[in-house]
file coords39.cif (mmCIF, C-alpha atoms)
data_structure
#
loop_
_atom_site.label_atom_id
_atom_site.label_comp_id
_atom_site.auth_asym_id
_atom_site.auth_seq_id
_atom_site.Cartn_x
_atom_site.Cartn_y
_atom_site.Cartn_z
CA MET E 1 108.99 133.66 86.92
CA SER E 2 108.80 131.52 83.84
CA TYR E 3 110.05 128.00 83.79
CA ILE E 4 111.96 126.81 80.74
CA ARG E 5 112.49 123.09 80.48
CA LYS E 6 116.14 122.28 79.85
CA ILE E 7 116.59 120.34 76.60
CA PRO E 8 119.97 118.67 75.97
CA ASN E 9 121.72 119.91 72.82
CA THR E 10 121.84 116.36 71.50
CA TRP E 11 118.01 116.09 71.32
CA TRP E 12 118.19 115.59 67.56
CA LEU E 13 120.16 112.34 67.94
CA LYS E 14 117.45 110.75 70.09
CA ARG E 15 114.93 109.93 67.35
CA LYS E 16 115.29 109.28 63.63
CA PRO E 17 112.74 111.93 62.51
CA TYR E 18 114.60 114.55 64.58
CA THR E 19 117.91 113.55 62.97
CA LEU E 20 116.37 113.66 59.48
CA PHE E 21 115.03 117.13 60.30
CA ILE E 22 118.53 118.36 61.15
CA VAL E 23 119.94 116.66 58.01
CA ARG E 24 117.26 118.44 55.96
CA GLU E 25 118.18 121.77 57.52
CA LEU E 26 121.90 121.17 56.94
CA THR E 27 121.39 120.51 53.22
CA CYS E 28 121.59 124.33 53.06
CA VAL E 29 125.36 124.05 53.54
CA ALA E 30 125.65 122.09 50.27
CA VAL E 31 123.37 124.64 48.58
CA ALA E 32 125.51 127.59 49.72
CA GLY E 33 128.74 125.74 48.96
CA TYR E 34 127.73 125.06 45.37
CA CYS E 35 126.53 128.65 44.87
CA ALA E 36 129.87 129.87 46.22
CA PHE E 37 131.54 127.67 43.58
CA LEU E 38 129.32 129.19 40.86
CA LEU E 39 130.22 132.67 42.13
CA TYR E 40 133.92 131.77 42.01
CA LEU E 41 133.48 130.51 38.41
CA MET E 42 131.84 133.81 37.44
CA TYR E 43 134.62 135.78 39.13
CA ALA E 44 137.21 133.77 37.17
CA LEU E 45 135.21 134.33 33.98
CA GLY E 46 135.58 138.08 34.52
CA GLN E 47 139.33 137.73 35.12
CA GLY E 48 140.01 136.29 31.66
CA PRO E 49 140.65 133.00 29.81
CA GLU E 50 143.56 131.78 31.95
CA ALA E 51 141.82 132.31 35.29
CA TYR E 52 138.63 130.75 33.97
CA SER E 53 140.39 127.69 32.53
CA ALA E 54 142.09 127.10 35.88
CA ALA E 55 138.76 127.43 37.72
CA ILE E 56 136.73 125.19 35.41
CA GLY E 57 139.61 122.69 35.39
CA LEU E 58 138.82 122.02 39.05
CA ILE E 59 135.74 119.99 38.11
CA SER E 60 138.00 117.24 36.73
CA SER E 61 139.72 116.66 40.10
CA PRO E 62 138.96 113.73 42.42
CA ALA E 63 138.14 116.21 45.21
CA SER E 64 135.49 117.79 42.99
CA LEU E 65 133.97 114.38 42.26
CA ALA E 66 133.77 113.60 45.99
CA LEU E 67 132.24 117.01 46.79
CA HIS E 68 129.76 116.69 43.93
CA VAL E 69 128.64 113.21 45.10
CA VAL E 70 128.00 114.39 48.68
CA GLY E 71 126.59 117.74 47.53
CA LEU E 72 124.22 116.21 45.01
CA LEU E 73 122.84 113.72 47.56
CA LEU E 74 122.17 116.55 50.02
CA VAL E 75 120.65 118.85 47.40
CA LEU E 76 118.42 116.04 46.11
CA TYR E 77 117.24 115.51 49.70
CA HIS E 78 116.49 119.23 49.86
CA THR E 79 114.56 119.09 46.56
CA VAL E 80 112.41 116.11 47.55
CA THR E 81 111.62 117.37 51.07
CA TRP E 82 110.96 120.88 49.70
CA PHE E 83 108.49 119.70 47.04
CA ASN E 84 106.80 117.32 49.48
CA LEU E 85 106.13 120.26 51.81
CA THR E 86 104.63 122.48 49.08
CA PRO E 87 101.02 121.25 49.61
CA ARG E 88 101.21 122.46 53.22
CA VAL E 89 102.37 125.93 52.17
CA ILE E 90 100.42 126.39 48.94
CA VAL E 91 96.74 125.65 49.47
CA ILE E 92 94.72 126.23 46.29
CA HIS E 93 90.94 126.18 46.01
CA ILE E 94 88.96 125.78 42.82
CA GLY E 95 85.41 126.75 43.72
CA GLU E 96 84.62 124.85 46.91
CA GLU E 97 87.13 122.10 46.20
CA GLN E 98 90.66 122.15 47.58
CA VAL E 99 93.26 121.02 45.04
CA PRO E 100 94.62 117.66 46.33
CA ALA E 101 98.09 117.69 47.91
CA VAL E 102 99.42 115.14 45.43
CA LEU E 103 98.61 117.51 42.53
CA VAL E 104 100.36 120.48 44.17
CA ALA E 105 103.51 118.45 44.87
CA GLY E 106 103.21 116.73 41.47
CA ALA E 107 103.15 120.09 39.69
CA HIS E 108 106.43 120.98 41.37
CA TYR E 109 108.01 117.67 40.34
CA ALA E 110 106.82 118.28 36.76
CA GLY E 111 108.30 121.78 36.91
CA TRP E 112 111.57 120.32 38.19
CA LEU E 113 111.70 117.94 35.22
CA ALA E 114 110.98 120.78 32.79
CA VAL E 115 113.59 123.14 34.33
CA SER E 116 116.20 120.34 34.36
CA GLY E 117 115.50 119.61 30.69
CA ILE E 118 115.79 123.29 29.73
CA VAL E 119 119.05 123.78 31.68
CA ALA E 120 120.55 120.59 30.19
CA TRP E 121 119.47 121.64 26.70
CA LEU E 122 120.88 125.18 27.08
CA LEU E 123 124.21 123.98 28.41
CA LEU E 124 124.74 120.76 26.49
CA ALA E 125 122.81 120.87 23.24
CA THR E 126 122.99 124.37 21.82
CA GLY E 127 125.94 125.33 19.67
CA THR E 128 128.51 122.96 21.16
CA THR E 129 129.75 121.88 17.74
CA SER E 130 131.27 125.30 16.96
CA MET Q 1 102.98 145.19 67.49
CA ALA Q 2 106.66 145.70 66.78
CA LYS Q 3 107.77 145.91 63.18
CA SER Q 4 109.48 142.75 62.01
CA ASN Q 5 111.83 141.95 59.13
CA GLU Q 6 110.71 138.33 59.32
CA PRO Q 7 108.36 138.35 56.25
CA ILE Q 8 111.13 139.77 54.00
CA PHE Q 9 113.67 137.17 55.09
CA TRP Q 10 111.12 134.38 54.91
CA SER Q 11 110.27 135.35 51.31
CA LEU Q 12 113.96 135.36 50.36
CA PHE Q 13 114.41 132.00 52.15
CA SER Q 14 111.47 130.59 50.27
CA ALA Q 15 112.52 131.92 46.85
CA GLY Q 16 116.08 130.70 47.39
CA GLY Q 17 114.87 127.27 48.48
CA MET Q 18 112.70 126.95 45.38
CA ILE Q 19 115.52 127.98 43.03
CA ALA Q 20 117.95 125.61 44.74
CA ALA Q 21 115.44 122.74 44.49
CA LEU Q 22 114.70 123.34 40.80
CA VAL Q 23 118.09 124.27 39.34
CA LEU Q 24 120.97 122.99 41.48
CA PRO Q 25 120.55 119.21 40.99
CA ILE Q 26 120.86 119.40 37.17
CA LEU Q 27 123.75 121.89 37.39
CA MET Q 28 125.60 119.64 39.85
CA LEU Q 29 124.96 116.61 37.65
CA ILE Q 30 126.47 118.49 34.68
CA THR Q 31 129.53 120.01 36.43
CA GLY Q 32 130.11 116.96 38.62
CA PHE Q 33 129.61 114.08 36.21
CA VAL Q 34 128.44 114.80 32.65
CA ILE Q 35 131.35 117.05 31.68
CA PRO Q 36 134.20 115.51 33.77
CA GLN Q 37 133.26 111.99 32.60
CA GLY Q 38 133.30 113.09 28.96
CA PHE Q 39 129.58 112.69 28.20
CA ALA Q 40 129.48 116.20 26.71
CA PRO Q 41 131.66 117.97 24.10
CA PRO Q 42 134.88 119.26 25.72
CA ASP Q 43 134.12 122.87 24.76
CA THR Q 44 130.75 122.82 26.60
CA LEU Q 45 131.99 125.11 29.38
CA SER Q 46 134.93 126.65 27.49
CA TYR Q 47 135.86 130.28 28.18
CA GLU Q 48 134.83 131.41 24.69
CA ARG Q 49 131.40 129.82 24.88
CA VAL Q 50 130.52 130.80 28.46
CA HIS Q 51 131.96 134.31 28.12
CA ALA Q 52 130.01 134.91 24.91
CA ALA Q 53 126.80 133.74 26.56
CA VAL Q 54 127.20 135.79 29.77
CA ALA Q 55 128.98 138.99 28.71
CA GLY Q 56 126.55 139.90 25.96
CA SER Q 57 123.28 139.30 27.76
CA ILE Q 58 121.68 141.22 30.60
CA ILE Q 59 119.01 138.49 30.77
CA VAL Q 60 121.59 135.74 31.31
CA LYS Q 61 123.25 137.89 33.99
CA LEU Q 62 119.93 138.46 35.77
CA VAL Q 63 119.15 134.72 35.72
CA LEU Q 64 122.61 133.91 37.06
CA PHE Q 65 122.18 136.60 39.73
CA GLY Q 66 118.96 134.97 40.92
CA VAL Q 67 120.36 131.45 40.80
CA ILE Q 68 123.55 132.37 42.70
CA ALA Q 69 122.37 135.03 45.18
CA LEU Q 70 118.91 133.88 46.36
CA PRO Q 71 120.03 130.44 47.67
CA PHE Q 72 122.42 132.25 50.03
CA PHE Q 73 119.35 133.63 51.85
CA HIS Q 74 117.94 130.12 51.98
CA TRP Q 75 121.21 129.02 53.61
CA ALA Q 76 121.22 131.98 56.03
CA HIS Q 77 117.73 131.18 57.33
CA ARG Q 78 118.22 127.44 57.77
CA PHE Q 79 121.77 127.64 59.12
CA LYS Q 80 120.85 130.25 61.71
CA PHE Q 81 117.84 128.32 62.99
CA THR Q 82 119.75 125.02 63.00
CA LEU Q 83 122.49 126.51 65.19
CA VAL Q 84 119.82 127.96 67.50
CA ASP Q 85 118.07 124.56 67.64
CA VAL Q 86 121.23 122.68 68.63
CA GLY Q 87 121.99 124.95 71.56
CA LEU Q 88 123.13 128.43 70.50
CA ARG Q 89 119.87 130.14 71.47
CA LYS Q 90 121.73 132.67 73.64
CA ILE Q 91 123.56 134.17 70.64
CA SER Q 92 120.56 134.02 68.32
CA THR Q 93 120.75 137.72 67.42
CA LEU Q 94 124.48 137.54 66.66
CA LEU Q 95 123.88 134.47 64.47
CA ALA Q 96 121.13 136.30 62.57
CA VAL Q 97 123.45 139.25 61.91
CA LEU Q 98 126.28 136.95 60.78
CA CYS Q 99 124.13 134.69 58.57
CA TYR Q 100 121.92 137.30 56.93
CA GLY Q 101 124.90 139.68 56.75
CA SER Q 102 126.90 137.05 54.86
CA ALA Q 103 123.99 136.47 52.48
CA MET Q 104 123.71 140.21 51.81
CA ALA Q 105 127.46 140.51 51.26
CA ALA Q 106 127.35 137.53 48.87
CA THR Q 107 124.48 139.19 46.99
CA VAL Q 108 126.42 142.43 46.51
CA LEU Q 109 129.51 140.45 45.48
CA THR Q 110 127.49 138.42 42.96
CA ALA Q 111 126.07 141.62 41.43
CA VAL Q 112 129.52 143.23 41.14
CA VAL Q 113 131.14 140.07 39.72
CA LEU Q 114 128.44 139.59 37.09
CA TRP Q 115 128.42 143.31 36.22
CA ARG Q 116 132.16 143.24 35.45
CA ILE Q 117 132.03 140.28 33.05
#

call {"tool": "encode", "arguments": {"input": "coords39.cif", "output": "structure tokens"}}
result
Amino acid sequence: MSYIRKIPNTWWLKRKPYTLFIVRELTCVAVAGYCAFLLYLMYALGQGPEAYSAAIGLISSPASLALHVVGLLLVLYHTVTWFNLTPRVIVIHIGEEQVPAVLVAGAHYAGWLAVSGIVAWLLLATGTTS
Amino acid sequence: MAKSNEPIFWSLFSAGGMIAALVLPILMLITGFVIPQGFAPPDTLSYERVHAAVAGSIIVKLVLFGVIALPFFHWAHRFKFTLVDVGLRKISTLLAVLCYGSAMAATVLTAVVLWRI
């Protein structure tokens, strides 16, 4: 017979770190929601100009603004917690020396900056005057 | 030891989490604020421009496939374990089938949608 200690389902409300853990895990809902929106945009793009214009027009609505504010906060929380965990997952040695955690996380933040710059440049700066 | 699918799903979770962390904030900033608030030219995401960029390029389609499909596996992993953690341990297997099944369905859908553009 094994004995399993009964834990109430509200355990994650008892302490702040537990709650933040659940918040971190639930950022995935914002991630999936935004990717579903991107998928819908691509579907509309394949349907033709009218369908696409209607779909992209949604981003000008107040509901879209509200969803983007909440979604962006959650996704930023995902990004920061994800990069801060990278030194625990990626352990690099150069010779005998272990690369310091701050460098591993820092490299990811630098990569984030670079990717953001490239995406912004591709979408906003190239050929928009045509 | 029994064979496990765990490493495959963990790799997909990890790849999806990394893509979401790197790419989604800037995309959300652009579609949520930069374009609606008029900080970018109005034709930035016009049909002509986006269609020309996507339809003609297998590389753009592959990048979009990765950006859209992989984060669904990130969602599947976290959502399943969160539900298990808050008390649904008894239906853990069902949750895994539903979550990873949805992610797989979304992946196939993404491939078909992008292929047809």

call {"tool": "closest_atom_pairs", "arguments": {"input": "coords39.cif", "of": "chain E", "to": "chain Q", "cutoff": "6 Å", "atoms": "all atoms listed in the file", "output": "JSON lines"}}
result
{"residue": "E:Asn9", "atom": "CA", "partner": "Q:Val86", "partner_atom": "CA", "distance": 5.0}
{"residue": "E:Glu25", "atom": "CA", "partner": "Q:Arg78", "partner_atom": "CA", "distance": 5.7}
{"residue": "E:Cys28", "atom": "CA", "partner": "Q:Trp75", "partner_atom": "CA", "distance": 4.7}
{"residue": "E:Ala32", "atom": "CA", "partner": "Q:Phe72", "partner_atom": "CA", "distance": 5.6}
{"residue": "E:Cys35", "atom": "CA", "partner": "Q:Ile68", "partner_atom": "CA", "distance": 5.2}
{"residue": "E:Tyr43", "atom": "CA", "partner": "Q:Val113", "partner_atom": "CA", "distance": 5.6}
{"residue": "E:Gly46", "atom": "CA", "partner": "Q:Ile117", "partner_atom": "CA", "distance": 4.4}
{"residue": "E:Pro49", "atom": "CA", "partner": "Q:Tyr47", "partner_atom": "CA", "distance": 5.7}
{"residue": "E:Ser60", "atom": "CA", "partner": "Q:Pro36", "partner_atom": "CA", "distance": 5.1}
{"residue": "E:Leu65", "atom": "CA", "partner": "Q:Gly32", "partner_atom": "CA", "distance": 5.9}
{"residue": "E:His68", "atom": "CA", "partner": "Q:Gly32", "partner_atom": "CA", "distance": 5.3}
{"residue": "E:Thr79", "atom": "CA", "partner": "Q:Ala21", "partner_atom": "CA", "distance": 4.3}
{"residue": "E:Trp112", "atom": "CA", "partner": "Q:Leu22", "partner_atom": "CA", "distance": 5.1}
{"residue": "E:Ser116", "atom": "CA", "partner": "Q:Ile26", "partner_atom": "CA", "distance": 5.5}
{"residue": "E:Thr128", "atom": "CA", "partner": "Q:Thr44", "partner_atom": "CA", "distance": 5.9}

call {"tool": "write_last_selection", "arguments": {"input": "coords39.cif", "atoms": "C-alpha atoms", "output": "PDB file, keeping the file's coordinate frame"}}
result
ATOM      1  CA  ASN E   9     121.720 119.910  72.820  1.00  0.00           C
ATOM      2  CA  GLU E  25     118.180 121.770  57.520  1.00  0.00           C
ATOM      3  CA  CYS E  28     121.590 124.330  53.060  1.00  0.00           C
ATOM      4  CA  ALA E  32     125.510 127.590  49.720  1.00  0.00           C
ATOM      5  CA  CYS E  35     126.530 128.650  44.870  1.00  0.00           C
ATOM      6  CA  TYR E  43     134.620 135.780  39.130  1.00  0.00           C
ATOM      7  CA  GLY E  46     135.580 138.080  34.520  1.00  0.00           C
ATOM      8  CA  PRO E  49     140.650 133.000  29.810  1.00  0.00           C
ATOM      9  CA  SER E  60     138.000 117.240  36.730  1.00  0.00           C
ATOM     10  CA  LEU E  65     133.970 114.380  42.260  1.00  0.00           C
ATOM     11  CA  HIS E  68     129.760 116.690  43.930  1.00  0.00           C
ATOM     12  CA  THR E  79     114.560 119.090  46.560  1.00  0.00           C
ATOM     13  CA  TRP E 112     111.570 120.320  38.190  1.00  0.00           C
ATOM     14  CA  SER E 116     116.200 120.340  34.360  1.00  0.00           C
ATOM     15  CA  THR E 128     128.510 122.960  21.160  1.00  0.00           C
TER      16      THR E 128
END

call {"tool": "atom_distance", "arguments": {"input": "coords39.cif", "atom1": "CA of Val23 (chain E)", "atom2": "CA of Pro8 (chain E)"}}
result
18.1 Å

call {"tool": "atom_distance", "arguments": {"input": "coords39.cif", "atom1": "CA of Ile92 (chain E)", "atom2": "CA of Tyr109 (chain E)"}}
result
16.9 Å

call {"tool": "atom_distance", "arguments": {"input": "coords39.cif", "atom1": "CA of Ala30 (chain E)", "atom2": "CA of Trp12 (chain E)"}}
result
19.9 Å

call {"tool": "resolve_selection", "arguments": {"input": "coords39.cif", "expression": "the PyMOL selection byres ((chain E and resi 81) around 12)", "output": "PyMOL selection string"}}
result
(chain E and resi 20-21+23-25+27+74-80+82-88+105+108-109) or (chain Q and resi 17-18+21)

call {"tool": "build_atoms", "arguments": {"input": "coords39.cif", "residues": "region 43-79 of chain Q", "atoms": "N, CA and C atoms", "output": "CSV table (one decimal), in the coordinates of the input"}}
result
chain,number,residue,atom,x,y,z
Q,43,ASP,N,134.2,121.4,24.7
Q,43,ASP,CA,134.1,122.9,24.8
Q,43,ASP,C,132.8,123.4,25.4
Q,44,THR,N,132.1,122.5,26.0
Q,44,THR,CA,130.8,122.8,26.6
Q,44,THR,C,130.9,124.0,27.5
Q,45,LEU,N,131.8,124.0,28.4
Q,45,LEU,CA,132.0,125.1,29.4
Q,45,LEU,C,133.3,125.8,29.1
Q,46,SER,N,133.7,125.9,27.8
Q,46,SER,CA,134.9,126.6,27.5
Q,46,SER,C,134.8,128.1,27.8
Q,47,TYR,N,135.9,128.8,27.9
Q,47,TYR,CA,135.9,130.3,28.2
Q,47,TYR,C,135.1,131.0,27.1
Q,48,GLU,N,135.4,130.7,25.8
Q,48,GLU,CA,134.8,131.4,24.7
Q,48,GLU,C,133.3,131.3,24.7
Q,49,ARG,N,132.8,130.1,24.9
Q,49,ARG,CA,131.4,129.8,24.9
Q,49,ARG,C,130.7,130.5,26.1
Q,50,VAL,N,131.2,130.3,27.3
Q,50,VAL,CA,130.5,130.8,28.5
Q,50,VAL,C,130.6,132.3,28.5
Q,51,HIS,N,131.8,132.9,28.1
Q,51,HIS,CA,132.0,134.3,28.1
Q,51,HIS,C,131.0,135.0,27.1
Q,52,ALA,N,130.9,134.4,25.9
Q,52,ALA,CA,130.0,134.9,24.9
Q,52,ALA,C,128.6,134.9,25.4
Q,53,ALA,N,128.2,133.9,26.1
Q,53,ALA,CA,126.8,133.7,26.6
Q,53,ALA,C,126.5,134.7,27.7
Q,54,VAL,N,127.5,134.9,28.6
Q,54,VAL,CA,127.2,135.8,29.8
Q,54,VAL,C,127.4,137.3,29.5
Q,55,ALA,N,128.6,137.6,28.9
Q,55,ALA,CA,129.0,139.0,28.7
Q,55,ALA,C,128.0,139.8,27.9
Q,56,GLY,N,127.4,139.1,26.9
Q,56,GLY,CA,126.6,139.9,26.0
Q,56,GLY,C,125.1,140.0,26.4
Q,57,SER,N,124.7,139.4,27.5
Q,57,SER,CA,123.3,139.3,27.8
Q,57,SER,C,122.9,139.7,29.2
Q,58,ILE,N,122.1,140.8,29.3
Q,58,ILE,CA,121.7,141.2,30.6
Q,58,ILE,C,120.7,140.2,31.2
Q,59,ILE,N,120.0,139.5,30.3
Q,59,ILE,CA,119.0,138.5,30.8
Q,59,ILE,C,119.7,137.3,31.4
Q,60,VAL,N,120.8,136.8,30.7
Q,60,VAL,CA,121.6,135.7,31.3
Q,60,VAL,C,122.2,136.2,32.7
Q,61,LYS,N,122.7,137.4,32.7
Q,61,LYS,CA,123.2,137.9,34.0
Q,61,LYS,C,122.2,137.9,35.1
Q,62,LEU,N,121.0,138.4,34.8
Q,62,LEU,CA,119.9,138.5,35.8
Q,62,LEU,C,119.5,137.1,36.3
Q,63,VAL,N,119.5,136.1,35.3
Q,63,VAL,CA,119.2,134.7,35.7
Q,63,VAL,C,120.2,134.2,36.6
Q,64,LEU,N,121.5,134.4,36.2
Q,64,LEU,CA,122.6,133.9,37.1
Q,64,LEU,C,122.6,134.6,38.4
Q,65,PHE,N,122.3,135.9,38.5
Q,65,PHE,CA,122.2,136.6,39.7
Q,65,PHE,C,121.2,135.9,40.7
Q,66,GLY,N,120.0,135.6,40.1
Q,66,GLY,CA,119.0,135.0,40.9
Q,66,GLY,C,119.4,133.6,41.4
Q,67,VAL,N,120.0,132.8,40.5
Q,67,VAL,CA,120.4,131.4,40.8
Q,67,VAL,C,121.5,131.4,41.8
Q,68,ILE,N,122.4,132.4,41.8
Q,68,ILE,CA,123.6,132.4,42.7
Q,68,ILE,C,123.2,133.1,44.0
Q,69,ALA,N,122.5,134.2,44.0
Q,69,ALA,CA,122.4,135.0,45.2
Q,69,ALA,C,121.2,134.5,46.1
Q,70,LEU,N,120.1,134.2,45.5
Q,70,LEU,CA,118.9,133.9,46.4
Q,70,LEU,C,119.2,132.7,47.3
Q,71,PRO,N,119.8,131.6,46.8
Q,71,PRO,CA,120.0,130.4,47.7
Q,71,PRO,C,120.9,130.8,48.9
Q,72,PHE,N,121.7,131.9,48.8
Q,72,PHE,CA,122.4,132.2,50.0
Q,72,PHE,C,121.5,132.7,51.2
Q,73,PHE,N,120.3,133.3,50.8
Q,73,PHE,CA,119.4,133.6,51.8
Q,73,PHE,C,118.6,132.4,52.4
Q,74,HIS,N,118.5,131.4,51.5
Q,74,HIS,CA,117.9,130.1,52.0
Q,74,HIS,C,118.9,129.5,53.0
Q,75,TRP,N,120.2,129.5,52.7
Q,75,TRP,CA,121.2,129.0,53.6
Q,75,TRP,C,121.2,129.8,54.9
Q,76,ALA,N,121.2,131.1,54.8
Q,76,ALA,CA,121.2,132.0,56.0
Q,76,ALA,C,120.1,131.6,57.0
Q,77,HIS,N,118.9,131.5,56.5
Q,77,HIS,CA,117.7,131.2,57.3
Q,77,HIS,C,117.9,129.8,58.0
Q,78,ARG,N,118.1,128.8,57.2
Q,78,ARG,CA,118.2,127.4,57.8
Q,78,ARG,C,119.4,127.3,58.7
Q,79,PHE,N,120.6,127.8,58.3
Q,79,PHE,CA,121.8,127.6,59.1
Q,79,PHE,C,121.6,128.3,60.5
